[in-house]
Amino acid sequence: MNDERYEALAAQIVNYSLHIGQGEKVLIELALVPDEAGIALIQAVRKAGALPFLRVNRPRLNREMMAGATDDQYEAIARHLMAEMQDMDAYISLRGDMNAFELSSVPADAMATAMKHLRPVMQRRVQHTRWCVLRWPTEGMAQQAGMSTGEFEDFYFRTCLLDYRALSPAMEKLAEMMRRTDRVRITGPGTELAFSIKDIPALPCAGECNLPDGEVFTAPVRTSVNGVIQYNTPTVFQGIPFDSIRFRIKDGRIVEADAGAKTAALNKILDSDPGARYFGEFALGVNPCIRKAMCNILFDEKIAGSFHLTPGQAYHVADNGNSSQVHWDLVCIQTEEFGGGEIYFDDVLIRKNGFFTDPELAPLNPSQD
């Protein structure tokens, strides 16, 4: 059955997020998404005068492919995908995951082999196309979020169809503050951390590349991070669930990493390559509609009152020189409900217990309804 929200979401992506124009080539990649949602996207792309291209994925089939990954196989796969991506102007991905742990049984060496070859394709997409990536609401996602399926679908469309244009002025104000900042200091339960963001670009994300959206990001100067950090948001990476990750960092490098019973698995990921133990992104989550974690990073990294400090690859638009096949957005929520905390820019308190202190940033504070 069709849903008028499918057309509204397709229009938001094509017209606002990506500004698709006449004659452009747009790759639409779908995984476990209703046909009607894909049809709405194809029709919206055509209405804009552009050319839609379609790729359909199935998570269980992808898992089976990755489980036996070899260099020869994934070198060829990546070569074909790269040729396709090089021919595209824009990229849209809707991903519905029934099981967030689908990849958990893929052997670590096979996963590393596949990602080694696929990472350049993703970098090509990020750096040379306009792109928008979304999860699609499924029963599995609703279960992870602790919601009924209908409740989660309503939440999903409410956050994706948010008026991001109205949030943009406050987000740009925050980005300007970050561009003027040298030293960042973060305190909270288990966290005492300091680093520099001097001369690293800071960018607001207001519904262009992700839906839902709502973060302002930069990157730490690569060797400037020192201290300890205790993340308080569950995360799934390469199909493995983690909770309560703790790092001790010296001169930018993670020198101790703990995740309880998953410590060995955590350190194996951090040993993927030298850059995985350094940080490639620092961001503040500012979507006022998202207030709790649901073990889905495209939502969790946008939680109002949160920040994420990301081991691994830096984005080319906020490049601190760190390179890695890993990019792992790990989130810490600082509202009172989650233990609170403070963020300082050059020794000036910017956010306390998840709420910005500057009245001009008030639209970015967690919703209190």
# chains A, B, ... in the order shown; residues from 1 in each chain; ligands from 1
$ residues_around --residues "stretch 321-338 of chain A" --least-positions-apart "5" --cutoff "6 Å" --atoms "only C-alpha atoms" --output "PyMOL selection string"
chain A and resi 231-233+275-276+280+305-308+310-314+353-354
$ residues_around --residues "A:Val216" --least-positions-apart "6" --cutoff "9 Å" --atoms "only C-alpha atoms" --output "PyMOL selection string"
chain A and resi 171-172+174-175+178+202-206+282-286
$ select_by_dssp --residues "stretch 23-92 of chain A" --states "strand (DSSP E or B)" --output "list in words"
Lys25, Val26, Leu27, Ile28, Glu29, Leu30, Ala31, Leu51, Pro52, Phe53, Leu54, Arg55, Val56, Asn57, Ala90, Tyr91 and Ile92 of chain A
$ select_by_dssp --residues "stretch 293-351 of chain A" --states "helix (DSSP H, G or I)" --output "list of chain:residue names"
A:Ile297, A:Leu298, A:Phe299, A:Asp300, A:His316, A:Val317, A:Ala318, A:Glu336, A:Glu337, A:Phe338
$ residues_around --residues "stretch 42-59 of chain A" --least-positions-apart "6" --cutoff "12 Å" --atoms "only C-alpha atoms" --output "JSON, numbers by chain"
{"A": [6, 7, 8, 9, 10, 11, 12, 13, 14, 15, 16, 18, 19, 20, 21, 22, 23, 24, 25, 26, 27, 28, 29, 30, 31, 32, 33, 34, 35, 36, 65, 66, 81, 84, 85, 87, 88, 89, 90, 91, 92, 93, 94, 95, 96, 97, 98, 99, 100, 101, 102, 103, 104, 239]}
$ residues_around --residues "A:Val121" --least-positions-apart "4" --cutoff "9 Å" --atoms "only C-alpha atoms" --output "list in words"
Ala78, Arg79, Leu81, Met82, Met85, Gln86, His117, Arg125 and Val126 of chain A
$ write_last_selection --atoms "all heavy atoms" --output "PDB file, in the first residue's frame"
ATOM      1  N   ALA A  78      34.912  -4.116  -6.700  1.00  0.00           N
ATOM      2  CA  ALA A  78      35.155  -2.694  -6.466  1.00  0.00           C
ATOM      3  C   ALA A  78      35.440  -1.961  -7.770  1.00  0.00           C
ATOM      4  O   ALA A  78      35.025  -0.806  -7.946  1.00  0.00           O
ATOM      5  CB  ALA A  78      36.316  -2.515  -5.488  1.00  0.00           C
ATOM      6  N   ARG A  79      36.128  -2.614  -8.699  1.00  0.00           N
ATOM      7  CA  ARG A  79      36.425  -1.974  -9.979  1.00  0.00           C
ATOM      8  C   ARG A  79      35.137  -1.675 -10.745  1.00  0.00           C
ATOM      9  O   ARG A  79      34.972  -0.588 -11.312  1.00  0.00           O
ATOM     10  CB  ARG A  79      37.342  -2.880 -10.799  1.00  0.00           C
ATOM     11  CG  ARG A  79      37.809  -2.244 -12.106  1.00  0.00           C
ATOM     12  CD  ARG A  79      38.865  -3.090 -12.798  1.00  0.00           C
ATOM     13  NE  ARG A  79      38.356  -4.370 -13.273  1.00  0.00           N
ATOM     14  CZ  ARG A  79      38.670  -5.554 -12.745  1.00  0.00           C
ATOM     15  NH1 ARG A  79      39.492  -5.629 -11.701  1.00  0.00           N
ATOM     16  NH2 ARG A  79      38.160  -6.669 -13.247  1.00  0.00           N
ATOM     17  N   LEU A  81      32.055  -1.363  -9.392  1.00  0.00           N
ATOM     18  CA  LEU A  81      31.306  -0.346  -8.652  1.00  0.00           C
ATOM     19  C   LEU A  81      31.915   1.036  -8.842  1.00  0.00           C
ATOM     20  O   LEU A  81      31.196   2.040  -8.931  1.00  0.00           O
ATOM     21  CB  LEU A  81      31.269  -0.708  -7.160  1.00  0.00           C
ATOM     22  CG  LEU A  81      30.472  -1.960  -6.782  1.00  0.00           C
ATOM     23  CD1 LEU A  81      30.624  -2.243  -5.292  1.00  0.00           C
ATOM     24  CD2 LEU A  81      29.001  -1.796  -7.144  1.00  0.00           C
ATOM     25  N   MET A  82      33.233   1.103  -8.895  1.00  0.00           N
ATOM     26  CA  MET A  82      33.896   2.391  -9.083  1.00  0.00           C
ATOM     27  C   MET A  82      33.546   2.984 -10.444  1.00  0.00           C
ATOM     28  O   MET A  82      33.279   4.197 -10.564  1.00  0.00           O
ATOM     29  CB  MET A  82      35.411   2.241  -8.938  1.00  0.00           C
ATOM     30  CG  MET A  82      36.183   3.540  -9.106  1.00  0.00           C
ATOM     31  SD  MET A  82      35.852   4.747  -7.791  1.00  0.00           S
ATOM     32  CE  MET A  82      36.960   4.105  -6.511  1.00  0.00           C
ATOM     33  N   MET A  85      30.132   4.427 -10.131  1.00  0.00           N
ATOM     34  CA  MET A  85      30.087   5.630  -9.309  1.00  0.00           C
ATOM     35  C   MET A  85      30.710   6.825 -10.021  1.00  0.00           C
ATOM     36  O   MET A  85      30.249   7.966  -9.879  1.00  0.00           O
ATOM     37  CB  MET A  85      30.791   5.376  -7.970  1.00  0.00           C
ATOM     38  CG  MET A  85      30.515   6.427  -6.917  1.00  0.00           C
ATOM     39  SD  MET A  85      28.765   6.510  -6.435  1.00  0.00           S
ATOM     40  CE  MET A  85      28.589   4.951  -5.561  1.00  0.00           C
ATOM     41  N   GLN A  86      31.756   6.577 -10.802  1.00  0.00           N
ATOM     42  CA  GLN A  86      32.414   7.674 -11.519  1.00  0.00           C
ATOM     43  C   GLN A  86      31.502   8.291 -12.571  1.00  0.00           C
ATOM     44  O   GLN A  86      31.743   9.426 -13.003  1.00  0.00           O
ATOM     45  CB  GLN A  86      33.709   7.160 -12.169  1.00  0.00           C
ATOM     46  CG  GLN A  86      34.816   6.879 -11.165  1.00  0.00           C
ATOM     47  CD  GLN A  86      36.019   6.193 -11.789  1.00  0.00           C
ATOM     48  OE1 GLN A  86      35.912   5.552 -12.838  1.00  0.00           O
ATOM     49  NE2 GLN A  86      37.168   6.307 -11.140  1.00  0.00           N
ATOM     50  N   HIS A 117      38.825  -2.991  -0.280  1.00  0.00           N
ATOM     51  CA  HIS A 117      38.540  -2.706  -1.687  1.00  0.00           C
ATOM     52  C   HIS A 117      37.326  -1.798  -1.861  1.00  0.00           C
ATOM     53  O   HIS A 117      37.283  -0.996  -2.807  1.00  0.00           O
ATOM     54  CB  HIS A 117      38.325  -4.015  -2.448  1.00  0.00           C
ATOM     55  CG  HIS A 117      39.546  -4.863  -2.523  1.00  0.00           C
ATOM     56  ND1 HIS A 117      40.659  -4.524  -3.274  1.00  0.00           N
ATOM     57  CD2 HIS A 117      39.868  -6.044  -1.918  1.00  0.00           C
ATOM     58  CE1 HIS A 117      41.590  -5.445  -3.149  1.00  0.00           C
ATOM     59  NE2 HIS A 117      41.133  -6.384  -2.334  1.00  0.00           N
ATOM     60  N   ARG A 125      32.305   8.265  -3.784  1.00  0.00           N
ATOM     61  CA  ARG A 125      30.927   8.744  -3.634  1.00  0.00           C
ATOM     62  C   ARG A 125      30.858   9.969  -2.738  1.00  0.00           C
ATOM     63  O   ARG A 125      30.221  10.970  -3.069  1.00  0.00           O
ATOM     64  CB  ARG A 125      30.065   7.610  -3.069  1.00  0.00           C
ATOM     65  CG  ARG A 125      28.599   7.938  -2.954  1.00  0.00           C
ATOM     66  CD  ARG A 125      28.178   8.258  -1.538  1.00  0.00           C
ATOM     67  NE  ARG A 125      28.302   7.105  -0.659  1.00  0.00           N
ATOM     68  CZ  ARG A 125      28.112   7.176   0.654  1.00  0.00           C
ATOM     69  NH1 ARG A 125      27.843   8.339   1.230  1.00  0.00           N
ATOM     70  NH2 ARG A 125      28.263   6.107   1.406  1.00  0.00           N
ATOM     71  N   VAL A 126      31.559   9.916  -1.603  1.00  0.00           N
ATOM     72  CA  VAL A 126      31.518  11.028  -0.653  1.00  0.00           C
ATOM     73  C   VAL A 126      32.164  12.282  -1.223  1.00  0.00           C
ATOM     74  O   VAL A 126      31.656  13.397  -1.051  1.00  0.00           O
ATOM     75  CB  VAL A 126      32.204  10.610   0.670  1.00  0.00           C
ATOM     76  CG1 VAL A 126      32.411  11.812   1.576  1.00  0.00           C
ATOM     77  CG2 VAL A 126      31.375   9.546   1.386  1.00  0.00           C
TER      78      VAL A 126
END
$ atom_distance --atom1 "atom CA of A:Glu139" --atom2 "atom CA of A:Ala67"
25.4 Å
$ atom_distance --atom1 "atom CA of A:Asp347" --atom2 "atom CA of A:Thr191"
16.4 Å
$ decode --residues "stretch 24-35 of chain A" --atoms "all heavy atoms" --output "PDB file, in the first residue's frame"
ATOM      1  N   GLU A  24      20.979  15.151 -14.936  1.00  0.00           N
ATOM      2  CA  GLU A  24      21.945  14.511 -14.033  1.00  0.00           C
ATOM      3  C   GLU A  24      21.655  13.017 -13.898  1.00  0.00           C
ATOM      4  O   GLU A  24      20.514  12.568 -14.033  1.00  0.00           O
ATOM      5  CB  GLU A  24      21.918  15.198 -12.667  1.00  0.00           C
ATOM      6  CG  GLU A  24      22.480  16.606 -12.700  1.00  0.00           C
ATOM      7  CD  GLU A  24      22.688  17.172 -11.306  1.00  0.00           C
ATOM      8  OE1 GLU A  24      21.734  17.148 -10.503  1.00  0.00           O
ATOM      9  OE2 GLU A  24      23.810  17.635 -11.021  1.00  0.00           O
ATOM     10  N   LYS A  25      22.703  12.268 -13.607  1.00  0.00           N
ATOM     11  CA  LYS A  25      22.586  10.836 -13.386  1.00  0.00           C
ATOM     12  C   LYS A  25      22.560  10.567 -11.890  1.00  0.00           C
ATOM     13  O   LYS A  25      23.448  11.013 -11.160  1.00  0.00           O
ATOM     14  CB  LYS A  25      23.760  10.101 -14.038  1.00  0.00           C
ATOM     15  CG  LYS A  25      23.811  10.258 -15.551  1.00  0.00           C
ATOM     16  CD  LYS A  25      25.056   9.611 -16.123  1.00  0.00           C
ATOM     17  CE  LYS A  25      25.145   9.826 -17.629  1.00  0.00           C
ATOM     18  NZ  LYS A  25      26.402   9.287 -18.192  1.00  0.00           N
ATOM     19  N   VAL A  26      21.557   9.829 -11.436  1.00  0.00           N
ATOM     20  CA  VAL A  26      21.337   9.604 -10.011  1.00  0.00           C
ATOM     21  C   VAL A  26      21.247   8.108  -9.742  1.00  0.00           C
ATOM     22  O   VAL A  26      20.353   7.427 -10.258  1.00  0.00           O
ATOM     23  CB  VAL A  26      20.041  10.298  -9.526  1.00  0.00           C
ATOM     24  CG1 VAL A  26      19.865  10.105  -8.022  1.00  0.00           C
ATOM     25  CG2 VAL A  26      20.045  11.776  -9.891  1.00  0.00           C
ATOM     26  N   LEU A  27      22.171   7.586  -8.944  1.00  0.00           N
ATOM     27  CA  LEU A  27      22.140   6.179  -8.554  1.00  0.00           C
ATOM     28  C   LEU A  27      21.293   6.030  -7.299  1.00  0.00           C
ATOM     29  O   LEU A  27      21.561   6.666  -6.276  1.00  0.00           O
ATOM     30  CB  LEU A  27      23.553   5.658  -8.297  1.00  0.00           C
ATOM     31  CG  LEU A  27      23.660   4.210  -7.808  1.00  0.00           C
ATOM     32  CD1 LEU A  27      23.058   3.241  -8.827  1.00  0.00           C
ATOM     33  CD2 LEU A  27      25.108   3.843  -7.509  1.00  0.00           C
ATOM     34  N   ILE A  28      20.265   5.192  -7.374  1.00  0.00           N
ATOM     35  CA  ILE A  28      19.394   4.894  -6.242  1.00  0.00           C
ATOM     36  C   ILE A  28      19.710   3.473  -5.789  1.00  0.00           C
ATOM     37  O   ILE A  28      19.559   2.518  -6.561  1.00  0.00           O
ATOM     38  CB  ILE A  28      17.906   5.009  -6.627  1.00  0.00           C
ATOM     39  CG1 ILE A  28      17.588   6.429  -7.120  1.00  0.00           C
ATOM     40  CG2 ILE A  28      17.007   4.617  -5.456  1.00  0.00           C
ATOM     41  CD1 ILE A  28      16.205   6.552  -7.745  1.00  0.00           C
ATOM     42  N   GLU A  29      20.154   3.334  -4.546  1.00  0.00           N
ATOM     43  CA  GLU A  29      20.505   2.020  -4.005  1.00  0.00           C
ATOM     44  C   GLU A  29      19.532   1.689  -2.875  1.00  0.00           C
ATOM     45  O   GLU A  29      19.389   2.464  -1.924  1.00  0.00           O
ATOM     46  CB  GLU A  29      21.944   2.013  -3.499  1.00  0.00           C
ATOM     47  CG  GLU A  29      22.452   0.626  -3.150  1.00  0.00           C
ATOM     48  CD  GLU A  29      23.965   0.566  -3.040  1.00  0.00           C
ATOM     49  OE1 GLU A  29      24.595   1.604  -2.778  1.00  0.00           O
ATOM     50  OE2 GLU A  29      24.512  -0.537  -3.211  1.00  0.00           O
ATOM     51  N   LEU A  30      18.867   0.535  -2.990  1.00  0.00           N
ATOM     52  CA  LEU A  30      17.820   0.157  -2.042  1.00  0.00           C
ATOM     53  C   LEU A  30      18.142  -1.189  -1.405  1.00  0.00           C
ATOM     54  O   LEU A  30      18.639  -2.096  -2.066  1.00  0.00           O
ATOM     55  CB  LEU A  30      16.467   0.054  -2.754  1.00  0.00           C
ATOM     56  CG  LEU A  30      16.019   1.259  -3.592  1.00  0.00           C
ATOM     57  CD1 LEU A  30      14.711   0.955  -4.309  1.00  0.00           C
ATOM     58  CD2 LEU A  30      15.860   2.493  -2.709  1.00  0.00           C
ATOM     59  N   ALA A  31      17.826  -1.301  -0.110  1.00  0.00           N
ATOM     60  CA  ALA A  31      17.966  -2.567   0.601  1.00  0.00           C
ATOM     61  C   ALA A  31      16.792  -2.726   1.553  1.00  0.00           C
ATOM     62  O   ALA A  31      16.620  -1.925   2.475  1.00  0.00           O
ATOM     63  CB  ALA A  31      19.281  -2.612   1.378  1.00  0.00           C
ATOM     64  N   LEU A  32      15.965  -3.749   1.307  1.00  0.00           N
ATOM     65  CA  LEU A  32      14.801  -4.042   2.152  1.00  0.00           C
ATOM     66  C   LEU A  32      13.896  -2.827   2.300  1.00  0.00           C
ATOM     67  O   LEU A  32      13.479  -2.449   3.407  1.00  0.00           O
ATOM     68  CB  LEU A  32      15.250  -4.552   3.525  1.00  0.00           C
ATOM     69  CG  LEU A  32      16.054  -5.848   3.538  1.00  0.00           C
ATOM     70  CD1 LEU A  32      16.363  -6.267   4.970  1.00  0.00           C
ATOM     71  CD2 LEU A  32      15.328  -6.969   2.809  1.00  0.00           C
ATOM     72  N   VAL A  33      13.565  -2.215   1.178  1.00  0.00           N
ATOM     73  CA  VAL A  33      12.714  -1.029   1.129  1.00  0.00           C
ATOM     74  C   VAL A  33      11.466  -1.367   0.311  1.00  0.00           C
ATOM     75  O   VAL A  33      11.574  -2.061  -0.717  1.00  0.00           O
ATOM     76  CB  VAL A  33      13.477   0.152   0.489  1.00  0.00           C
ATOM     77  CG1 VAL A  33      12.564   1.337   0.230  1.00  0.00           C
ATOM     78  CG2 VAL A  33      14.636   0.561   1.386  1.00  0.00           C
ATOM     79  N   PRO A  34      10.280  -0.918   0.721  1.00  0.00           N
ATOM     80  CA  PRO A  34       9.080  -1.196  -0.081  1.00  0.00           C
ATOM     81  C   PRO A  34       9.239  -0.682  -1.513  1.00  0.00           C
ATOM     82  O   PRO A  34       9.813   0.390  -1.742  1.00  0.00           O
ATOM     83  CB  PRO A  34       7.984  -0.419   0.657  1.00  0.00           C
ATOM     84  CG  PRO A  34       8.479  -0.250   2.044  1.00  0.00           C
ATOM     85  CD  PRO A  34       9.973  -0.149   1.941  1.00  0.00           C
ATOM     86  N   ASP A  35       8.731  -1.450  -2.460  1.00  0.00           N
ATOM     87  CA  ASP A  35       8.808  -1.018  -3.853  1.00  0.00           C
ATOM     88  C   ASP A  35       8.219   0.372  -4.038  1.00  0.00           C
ATOM     89  O   ASP A  35       8.721   1.171  -4.843  1.00  0.00           O
ATOM     90  CB  ASP A  35       8.060  -2.007  -4.751  1.00  0.00           C
ATOM     91  CG  ASP A  35       8.800  -3.327  -4.922  1.00  0.00           C
ATOM     92  OD1 ASP A  35       9.987  -3.408  -4.530  1.00  0.00           O
ATOM     93  OD2 ASP A  35       8.181  -4.279  -5.450  1.00  0.00           O
TER      94      ASP A  35
END
